[in-house]
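Asks: Mind having a look at this structure? Questions to follow.
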Amino acid sequence: MTKCRGIPPVEYGTVRPAWSVVQPGTPDRYGSGMFAVTAARVSPDDPLAALELGDRPEPALPDGWAAVTVKAASLNHHDVWTLRGVGISVDRLPIILGCDAAGLDEDGNEVVVHAVVGEGGSGGDETLDPRRSLLSERYNGTFAEKVAVPRRNLVPKPAGLSFEEAACLPTAYLTAYRMLFVKSGLQPGATVLVQGAGGGVATALILLGRAAGYRVWATSRSEAKLARALELGADQVFGAGGRLPERVDAVMETVGQATWAHSLRALRPGGRIVICGATSGTAPPAELNRVFFLQLSVVGSTMGSRDELARLTRFCEQTGVRPLIDRTLPLALAAEGVGAMISGDLFGKVVFTV
Ligand SMILES: NC(=O)c1ccc[n+]([C@@H]2O[C@H](COP(=O)([O-])OP(=O)(O)OC[C@H]3O[C@@H](n4cnc5c(N)ncnc54)[C@H](OP(=O)(O)O)[C@@H]3O)[C@@H](O)[C@H]2O)c1
């Protein structure tokens with residue numbers, strides 16, 4: 001299930017020592033195994049206190065599953081929500097974090113891992129399976145030397161993308177792809193506003209939208225991030241809540257409460273908000289009078305299917321788009337990347353190499 005603020009709080013329970021760094025390959029209380037980054041408990045106000053680094057057992061392989069040797073994995077806000085206890089129950093802990101990875105399958109093929117694990121009730125779109133989960137929700141995630149996934153979740157990695165770039169695709173870039181190309185209904189040449197320019201999904205929206213021929217406008221709370229959004233391909237940028245020169249065809253929302261009123265006012269009559277997340281809160285005034293009078297649409301979007309991930313890899317090959325990486329760190333320094341995401345000190349993706 002996908003996370004956003006406002007999901008009922010979980011109980012806090014498991015008492016374990018604060019996170020500690022163990023060198024890769026060093027056995028600890030789990031016995032010899034593989035190095036991994038784990039949510040050991042939940043800590044709503046201090047997510048780093050829930051992070052633990054150390055050895056974990058190598059994954060077991062049910063029938064039809066494959067082990068991937070992880071070369072690179074990328075961080076998502078989902079991992080911070082897990083550490084805060086949003087969208088996870090404590091009986092699932094400890095669990096290895098991480099939705100996204102690129103690596104090698106058992107035959108040495110370069111692969112990207114699709115993060116949505118369906119349970120067979122999807123009718124082709126795993127995101128509509130009511131029992132689906134993302135890696136790190138029910139099954140151990142990708143912040144490890146190895147991850148087990150259903151064989152169907154492996155997508156060939158394009159040769160032109162590095163492992164680090166490919167590791168950005170399965171969550172942030174796939175979510176942006178579906179928002180823009182499946183849910184927005186926009187034709188090339190339309191104007192789209194991206195709220196909160198600095199995030200992993202937001203930078204993906206700017207890059208993919210620009211490559212597809214949309215006129216992309218973006219907002220941010222930070223002057224420095226606005227300048228970087230222009231460099232990335234945004235046509236115009238605006239401070240948070242800033243007045244736009246004209247109304248837009250669609251708004252891409254990941255911020256939620258803090259930007260919602262601005263998003264509603266930014267739309268032309270008949271325009272559409274596509275929303276995949278609500279980092280700043282889930283309960284802004286709905287302003288239903290504005291929604292019906294201007295005939296606005298509000299469309300939810302979550303991740304994407306395995307086939308959409310395959311098309312996204314081809315989109316990157318065909319257009320030359322490469323994911324924007326803010327920083328690459330060894331997995332043993334995962335706490336540094338998580339800390340940067342918590343403080344909002346990021347422009348693009350954090351990638352861990354394994
Ligand atoms: N439904 C799904 O499948 C799906 C998939 C991916 C992500 N998500 C959700 O989408 C959200 C973004 O994910 P991410 O991985 O891109 O996170 P991220 O890299 O941490 O991005 C955070 C973004 O939020 C903006 N922001 C945060 N607090 C804000 C506030 N109070 N006011 C204005 N802007 C604020 C920041 O914009 P500036 O600093 O530029 O202002 C930044 O762009 C998360 O809530 C995540 O859970 C959902």
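Identifiers in the structure tokens: chain A, B, ... in order shown; residue index from 1 per chain; ligand index from 1 in order shown.
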Pick out the residues sitting within 9 Å of segment 123-140 of chain A, and hand them over as a PDB file with N, CA, C and O atoms, in the first residue's frame; count only C-alpha atoms, and ignore anything fewer than 4 positions along from it in its own chain.

Replies:
```
ATOM      1  N   MET A   1       0.834  -1.182   0.000  1.00  0.00           N
ATOM      2  CA  MET A   1       0.000   0.000   0.000  1.00  0.00           C
ATOM      3  C   MET A   1       0.875   1.241   0.000  1.00  0.00           C
ATOM      4  O   MET A   1       1.998   1.227   0.471  1.00  0.00           O
ATOM      5  N   THR A   2       0.393   2.302  -0.592  1.00  0.00           N
ATOM      6  CA  THR A   2       1.191   3.508  -0.688  1.00  0.00           C
ATOM      7  C   THR A   2       0.933   4.396   0.513  1.00  0.00           C
ATOM      8  O   THR A   2      -0.130   4.367   1.091  1.00  0.00           O
ATOM      9  N   THR A  38      17.659  -1.484   7.679  1.00  0.00           N
ATOM     10  CA  THR A  38      16.397  -2.009   8.186  1.00  0.00           C
ATOM     11  C   THR A  38      15.625  -0.954   8.971  1.00  0.00           C
ATOM     12  O   THR A  38      16.231  -0.128   9.656  1.00  0.00           O
ATOM     13  N   PRO A  59      17.761 -13.645   1.428  1.00  0.00           N
ATOM     14  CA  PRO A  59      16.330 -13.910   1.232  1.00  0.00           C
ATOM     15  C   PRO A  59      16.053 -15.351   0.823  1.00  0.00           C
ATOM     16  O   PRO A  59      16.823 -15.955   0.080  1.00  0.00           O
ATOM     17  N   ASP A  79      10.369   5.419   2.357  1.00  0.00           N
ATOM     18  CA  ASP A  79      11.241   4.859   3.393  1.00  0.00           C
ATOM     19  C   ASP A  79      11.168   5.690   4.673  1.00  0.00           C
ATOM     20  O   ASP A  79      11.215   5.152   5.775  1.00  0.00           O
ATOM     21  N   THR A  82       7.943   4.843   6.424  1.00  0.00           N
ATOM     22  CA  THR A  82       8.050   3.567   7.150  1.00  0.00           C
ATOM     23  C   THR A  82       8.738   3.775   8.495  1.00  0.00           C
ATOM     24  O   THR A  82       8.270   3.285   9.530  1.00  0.00           O
ATOM     25  N   GLY A  87       1.826   3.687   7.557  1.00  0.00           N
ATOM     26  CA  GLY A  87       1.574   2.674   6.528  1.00  0.00           C
ATOM     27  C   GLY A  87       2.251   1.347   6.789  1.00  0.00           C
ATOM     28  O   GLY A  87       2.326   0.517   5.892  1.00  0.00           O
ATOM     29  N   ILE A  88       2.761   1.120   7.987  1.00  0.00           N
ATOM     30  CA  ILE A  88       3.360  -0.181   8.320  1.00  0.00           C
ATOM     31  C   ILE A  88       2.903  -0.551   9.724  1.00  0.00           C
ATOM     32  O   ILE A  88       2.729   0.330  10.566  1.00  0.00           O
ATOM     33  N   SER A  89       2.671  -1.838   9.951  1.00  0.00           N
ATOM     34  CA  SER A  89       2.312  -2.235  11.319  1.00  0.00           C
ATOM     35  C   SER A  89       3.551  -2.861  11.960  1.00  0.00           C
ATOM     36  O   SER A  89       4.378  -3.475  11.275  1.00  0.00           O
ATOM     37  N   ARG A  92       5.265  -6.253  11.338  1.00  0.00           N
ATOM     38  CA  ARG A  92       6.072  -6.516  10.132  1.00  0.00           C
ATOM     39  C   ARG A  92       7.559  -6.215  10.376  1.00  0.00           C
ATOM     40  O   ARG A  92       8.389  -6.447   9.501  1.00  0.00           O
ATOM     41  N   ILE A  95      12.036  -4.844   9.077  1.00  0.00           N
ATOM     42  CA  ILE A  95      11.912  -5.121   7.649  1.00  0.00           C
ATOM     43  C   ILE A  95      12.974  -4.314   6.909  1.00  0.00           C
ATOM     44  O   ILE A  95      13.281  -3.173   7.310  1.00  0.00           O
ATOM     45  N   ILE A  96      13.547  -4.924   5.885  1.00  0.00           N
ATOM     46  CA  ILE A  96      14.568  -4.224   5.092  1.00  0.00           C
ATOM     47  C   ILE A  96      13.877  -3.151   4.264  1.00  0.00           C
ATOM     48  O   ILE A  96      12.869  -3.411   3.599  1.00  0.00           O
ATOM     49  N   LEU A  97      14.400  -1.921   4.330  1.00  0.00           N
ATOM     50  CA  LEU A  97      13.816  -0.789   3.606  1.00  0.00           C
ATOM     51  C   LEU A  97      14.153  -0.856   2.115  1.00  0.00           C
ATOM     52  O   LEU A  97      14.977  -1.654   1.683  1.00  0.00           O
ATOM     53  N   GLY A  98      13.548   0.073   1.344  1.00  0.00           N
ATOM     54  CA  GLY A  98      13.904   0.233  -0.061  1.00  0.00           C
ATOM     55  C   GLY A  98      12.894  -0.371  -1.007  1.00  0.00           C
ATOM     56  O   GLY A  98      12.572  -1.563  -0.910  1.00  0.00           O
ATOM     57  N   CYS A  99      12.373   0.464  -1.927  1.00  0.00           N
ATOM     58  CA  CYS A  99      11.458  -0.024  -2.971  1.00  0.00           C
ATOM     59  C   CYS A  99      12.203  -0.287  -4.276  1.00  0.00           C
ATOM     60  O   CYS A  99      11.786  -1.141  -5.061  1.00  0.00           O
ATOM     61  N   ASP A 100      13.263   0.477  -4.523  1.00  0.00           N
ATOM     62  CA  ASP A 100      13.837   0.535  -5.867  1.00  0.00           C
ATOM     63  C   ASP A 100      15.213  -0.101  -5.938  1.00  0.00           C
ATOM     64  O   ASP A 100      16.046   0.144  -5.060  1.00  0.00           O
ATOM     65  N   HIS A 114      10.746  -4.072 -10.560  1.00  0.00           N
ATOM     66  CA  HIS A 114       9.442  -3.418 -10.380  1.00  0.00           C
ATOM     67  C   HIS A 114       9.027  -3.616  -8.927  1.00  0.00           C
ATOM     68  O   HIS A 114       9.023  -4.740  -8.413  1.00  0.00           O
ATOM     69  N   ALA A 115       8.657  -2.531  -8.248  1.00  0.00           N
ATOM     70  CA  ALA A 115       8.493  -2.559  -6.787  1.00  0.00           C
ATOM     71  C   ALA A 115       7.125  -3.021  -6.324  1.00  0.00           C
ATOM     72  O   ALA A 115       6.926  -3.264  -5.132  1.00  0.00           O
ATOM     73  N   VAL A 116       6.149  -3.122  -7.252  1.00  0.00           N
ATOM     74  CA  VAL A 116       4.779  -3.473  -6.845  1.00  0.00           C
ATOM     75  C   VAL A 116       4.628  -4.994  -6.906  1.00  0.00           C
ATOM     76  O   VAL A 116       4.734  -5.585  -7.978  1.00  0.00           O
ATOM     77  N   VAL A 117       4.376  -5.610  -5.758  1.00  0.00           N
ATOM     78  CA  VAL A 117       4.207  -7.061  -5.720  1.00  0.00           C
ATOM     79  C   VAL A 117       2.712  -7.353  -5.660  1.00  0.00           C
ATOM     80  O   VAL A 117       2.048  -7.068  -4.663  1.00  0.00           O
ATOM     81  N   GLY A 118       2.181  -7.883  -6.768  1.00  0.00           N
ATOM     82  CA  GLY A 118       0.764  -8.246  -6.810  1.00  0.00           C
ATOM     83  C   GLY A 118       0.574  -9.638  -6.225  1.00  0.00           C
ATOM     84  O   GLY A 118       1.523 -10.403  -6.082  1.00  0.00           O
ATOM     85  N   GLU A 119      -0.669  -9.928  -5.860  1.00  0.00           N
ATOM     86  CA  GLU A 119      -0.965 -11.265  -5.317  1.00  0.00           C
ATOM     87  C   GLU A 119      -1.927 -11.971  -6.249  1.00  0.00           C
ATOM     88  O   GLU A 119      -2.702 -12.830  -5.840  1.00  0.00           O
ATOM     89  N   VAL A 147      17.956  -8.955  -3.032  1.00  0.00           N
ATOM     90  CA  VAL A 147      16.519  -8.826  -2.792  1.00  0.00           C
ATOM     91  C   VAL A 147      15.804  -9.923  -3.588  1.00  0.00           C
ATOM     92  O   VAL A 147      16.217 -10.262  -4.706  1.00  0.00           O
ATOM     93  N   ALA A 148      14.766 -10.492  -2.997  1.00  0.00           N
ATOM     94  CA  ALA A 148      13.957 -11.510  -3.682  1.00  0.00           C
ATOM     95  C   ALA A 148      12.684 -10.863  -4.193  1.00  0.00           C
ATOM     96  O   ALA A 148      12.022 -10.112  -3.454  1.00  0.00           O
ATOM     97  N   VAL A 149      12.346 -11.139  -5.453  1.00  0.00           N
ATOM     98  CA  VAL A 149      11.113 -10.595  -6.046  1.00  0.00           C
ATOM     99  C   VAL A 149      10.505 -11.636  -6.985  1.00  0.00           C
ATOM    100  O   VAL A 149      11.216 -12.506  -7.483  1.00  0.00           O
ATOM    101  N   THR A 302      -1.078   6.040  -8.342  1.00  0.00           N
ATOM    102  CA  THR A 302      -0.146   5.283  -7.497  1.00  0.00           C
ATOM    103  C   THR A 302       0.755   4.412  -8.355  1.00  0.00           C
ATOM    104  O   THR A 302       0.265   3.609  -9.160  1.00  0.00           O
ATOM    105  N   MET A 303       2.064   4.633  -8.215  1.00  0.00           N
ATOM    106  CA  MET A 303       3.090   3.824  -8.884  1.00  0.00           C
ATOM    107  C   MET A 303       2.739   3.631 -10.361  1.00  0.00           C
ATOM    108  O   MET A 303       2.268   4.548 -11.012  1.00  0.00           O
ATOM    109  N   GLY A 304       2.931   2.413 -10.875  1.00  0.00           N
ATOM    110  CA  GLY A 304       2.621   2.099 -12.261  1.00  0.00           C
ATOM    111  C   GLY A 304       2.762   0.600 -12.425  1.00  0.00           C
ATOM    112  O   GLY A 304       3.278  -0.093 -11.531  1.00  0.00           O
ATOM    113  N   SER A 305       2.303   0.089 -13.561  1.00  0.00           N
ATOM    114  CA  SER A 305       2.362  -1.359 -13.786  1.00  0.00           C
ATOM    115  C   SER A 305       3.759  -1.757 -14.264  1.00  0.00           C
ATOM    116  O   SER A 305       4.581  -0.912 -14.652  1.00  0.00           O
ATOM    117  N   ARG A 306       3.981  -3.072 -14.288  1.00  0.00           N
ATOM    118  CA  ARG A 306       5.259  -3.572 -14.805  1.00  0.00           C
ATOM    119  C   ARG A 306       5.439  -3.162 -16.275  1.00  0.00           C
ATOM    120  O   ARG A 306       6.521  -2.793 -16.697  1.00  0.00           O
ATOM    121  N   ASP A 307       4.333  -3.202 -17.040  1.00  0.00           N
ATOM    122  CA  ASP A 307       4.440  -2.837 -18.457  1.00  0.00           C
ATOM    123  C   ASP A 307       4.755  -1.357 -18.612  1.00  0.00           C
ATOM    124  O   ASP A 307       5.489  -0.960 -19.525  1.00  0.00           O
TER     125      ASP A 307
END
```

Asks: Between A:Gly199, A:Ser222, A:Leu53, A:Asp235, single out the one closest to Ile342 of chain A, counting only C-alpha atoms.

Replies: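 Nearest candidate to Ile342 of chain A out of A:Gly199, A:Ser222, A:Leu53, A:Asp235: A:Gly199.
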
Asks: What residues in segment 50-158 of chain A get the DSSP label strand (DSSP E or B)? Please answer as a PyMOL selection string.

Replies: chain A and resi 51-56+65-74+95-96+100-104+110-113+116-117+133-134+144+146-150+154-156

Asks: From the set A:Pro245, A:Ala250, A:Ala49, A:Val255, which residue has the shortest atom-to-atom contact distance to Thr282 of chain A, counting only C-alpha atoms?

Replies: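 Among the listed residues, A:Val255 lies closest to Thr282 of chain A.
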
Asks: Ranking A:Val338, A:Val112, A:Leu174, A:Ala258 by minimum distance to Leu83 of chain A and counting only C-alpha atoms, which one comes first?

Replies: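 Smallest separation from Leu83 of chain A among the options: A:Val338.
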
Asks: Quick one: pull the distance between atom CA of Pro330 of chain A and atom CA of Ala172 of chain A, Å, one decimal.

Replies: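 Between atom CA of Pro330 of chain A and atom CA of Ala172 of chain A the gap works out to 20.2 Å.
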
Asks: For Ala40 of chain A, list every protein, DNA or RNA residue within 7 Å, evaluated using only C-alpha atoms, and leave out those in the same chain fewer than 5 positions away; present the list as a list in words.

Replies: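 In the requested format, the answer is Ala50, Leu51, Glu52, Leu93, Pro94 and Ile95 of chain A.
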
Asks: Please save C-alpha atoms of the selected residues as a JSON list (two decimals), in the first residue's frame.

Replies:
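part.json, freshly written:
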```json
[["chain", "number", "residue", "atom", "x", "y", "z"],
["A", 50, "ALA", "CA", 14.35, 3.67, 13.80],
["A", 51, "LEU", "CA", 17.09, 2.92, 11.25],
["A", 52, "GLU", "CA", 19.40, -0.01, 11.83],
["A", 93, "LEU", "CA", 9.27, -5.20, 11.77],
["A", 94, "PRO", "CA", 12.18, -5.47, 11.42],
["A", 95, "ILE", "CA", 11.91, -5.12, 7.65]]
```

Asks: I want to know what sits within 10 Å of Ser301 of chain A, based on only C-alpha atoms, with residues of the same chain fewer than 6 positions away left out; could you give that as a list in words?

Replies: Thr127, Thr175, Ala176, Arg178, Met179, Leu180, Val182, Lys183, Ser184, Glu253, Val274, Ile275, Cys276 and Gly277 of chain A

Asks: The selected residues should be written to file as a CSV table (one decimal), in the first residue's frame (atoms: all heavy atoms).

Replies:
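Just written: selection.csv:
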```csv
chain,number,residue,atom,x,y,z
A,127,THR,N,-1.2,-2.4,-9.7
A,127,THR,CA,-1.5,-1.3,-8.7
A,127,THR,C,-3.0,-1.4,-8.3
A,127,THR,O,-3.3,-0.8,-7.3
A,127,THR,CB,-1.2,0.1,-9.3
A,127,THR,OG1,-2.1,0.3,-10.3
A,127,THR,CG2,0.2,0.2,-9.8
A,175,THR,N,6.1,6.6,-11.1
A,175,THR,CA,4.9,7.4,-10.6
A,175,THR,C,4.7,8.6,-11.5
A,175,THR,O,3.6,8.9,-11.9
A,175,THR,CB,5.1,7.8,-9.1
A,175,THR,OG1,5.3,6.6,-8.4
A,175,THR,CG2,3.9,8.6,-8.6
A,176,ALA,N,5.8,9.3,-11.8
A,176,ALA,CA,5.7,10.5,-12.6
A,176,ALA,C,5.2,10.2,-14.0
A,176,ALA,O,4.4,10.9,-14.6
A,176,ALA,CB,7.0,11.2,-12.7
A,178,ARG,N,3.2,7.6,-14.9
A,178,ARG,CA,1.8,7.4,-14.9
A,178,ARG,C,1.0,8.6,-14.7
A,178,ARG,O,0.0,8.9,-15.4
A,178,ARG,CB,1.4,6.4,-13.8
A,178,ARG,CG,-0.1,6.1,-13.7
A,178,ARG,CD,-0.4,5.0,-12.8
A,178,ARG,NE,-0.3,3.7,-13.3
A,178,ARG,CZ,-1.1,2.7,-13.0
A,178,ARG,NH1,-2.1,2.8,-12.2
A,178,ARG,NH2,-0.9,1.5,-13.6
A,179,MET,N,1.5,9.5,-13.8
A,179,MET,CA,0.7,10.8,-13.6
A,179,MET,C,0.6,11.6,-14.9
A,179,MET,O,-0.5,12.1,-15.2
A,179,MET,CB,1.5,11.6,-12.5
A,179,MET,CG,1.4,11.0,-11.1
A,179,MET,SD,2.5,11.9,-10.0
A,179,MET,CE,1.5,13.4,-9.6
A,180,LEU,N,1.7,11.7,-15.6
A,180,LEU,CA,1.7,12.5,-16.8
A,180,LEU,C,1.1,11.9,-18.0
A,180,LEU,O,0.3,12.5,-18.7
A,180,LEU,CB,3.2,12.9,-17.2
A,180,LEU,CG,3.9,13.9,-16.4
A,180,LEU,CD1,5.4,13.9,-16.8
A,180,LEU,CD2,3.3,15.3,-16.6
A,182,VAL,N,-0.6,8.7,-18.3
A,182,VAL,CA,-1.8,7.8,-18.1
A,182,VAL,C,-2.9,8.6,-17.5
A,182,VAL,O,-4.1,8.5,-18.0
A,182,VAL,CB,-1.4,6.5,-17.3
A,182,VAL,CG1,-2.7,5.6,-17.2
A,182,VAL,CG2,-0.2,5.8,-17.9
A,183,LYS,N,-2.7,9.4,-16.5
A,183,LYS,CA,-3.7,10.0,-15.7
A,183,LYS,C,-4.1,11.4,-16.1
A,183,LYS,O,-5.2,11.9,-15.8
A,183,LYS,CB,-3.4,9.9,-14.2
A,183,LYS,CG,-3.2,8.5,-13.6
A,183,LYS,CD,-4.5,7.8,-13.4
A,183,LYS,CE,-4.3,6.5,-12.7
A,183,LYS,NZ,-5.6,6.0,-12.3
A,184,SER,N,-3.1,12.2,-16.6
A,184,SER,CA,-3.4,13.6,-16.8
A,184,SER,C,-4.3,13.9,-18.0
A,184,SER,O,-5.0,14.9,-18.0
A,184,SER,CB,-2.1,14.3,-17.0
A,184,SER,OG,-1.6,14.2,-18.3
A,253,GLU,N,0.5,17.0,-8.2
A,253,GLU,CA,0.6,17.3,-6.8
A,253,GLU,C,1.3,16.1,-6.1
A,253,GLU,O,0.9,14.9,-6.2
A,253,GLU,CB,-0.9,17.3,-6.2
A,253,GLU,CG,-1.4,18.7,-5.9
A,253,GLU,CD,-0.6,19.4,-4.7
A,253,GLU,OE1,0.2,18.8,-4.1
A,253,GLU,OE2,-1.0,20.6,-4.4
A,274,VAL,N,-3.7,15.9,-10.7
A,274,VAL,CA,-3.3,14.5,-10.5
A,274,VAL,C,-2.4,14.4,-9.2
A,274,VAL,O,-1.4,15.1,-9.1
A,274,VAL,CB,-2.5,13.9,-11.7
A,274,VAL,CG1,-2.2,12.4,-11.5
A,274,VAL,CG2,-3.2,14.1,-13.0
A,275,ILE,N,-2.8,13.6,-8.3
A,275,ILE,CA,-2.2,13.6,-7.0
A,275,ILE,C,-1.7,12.2,-6.6
A,275,ILE,O,-2.4,11.2,-6.8
A,275,ILE,CB,-3.1,14.2,-5.9
A,275,ILE,CG1,-2.4,14.1,-4.5
A,275,ILE,CG2,-4.5,13.5,-5.8
A,275,ILE,CD1,-2.9,15.0,-3.4
A,276,CYS,N,-0.4,12.1,-6.2
A,276,CYS,CA,0.2,10.8,-5.8
A,276,CYS,C,0.7,10.8,-4.4
A,276,CYS,O,1.1,9.8,-3.9
A,276,CYS,CB,1.3,10.4,-6.8
A,276,CYS,SG,2.8,11.3,-6.4
A,277,GLY,N,0.7,12.0,-3.7
A,277,GLY,CA,1.2,12.0,-2.4
A,277,GLY,C,0.8,13.3,-1.7
A,277,GLY,O,0.3,14.3,-2.3
```

Asks: Could you check the closest approach to Leu205 of chain A for each of A:Ser220, A:Thr313, A:Gln187, A:Thr254 and tell me which residue wins, using only C-alpha atoms?

Replies: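 The closest residue to Leu205 of chain A is A:Thr254.
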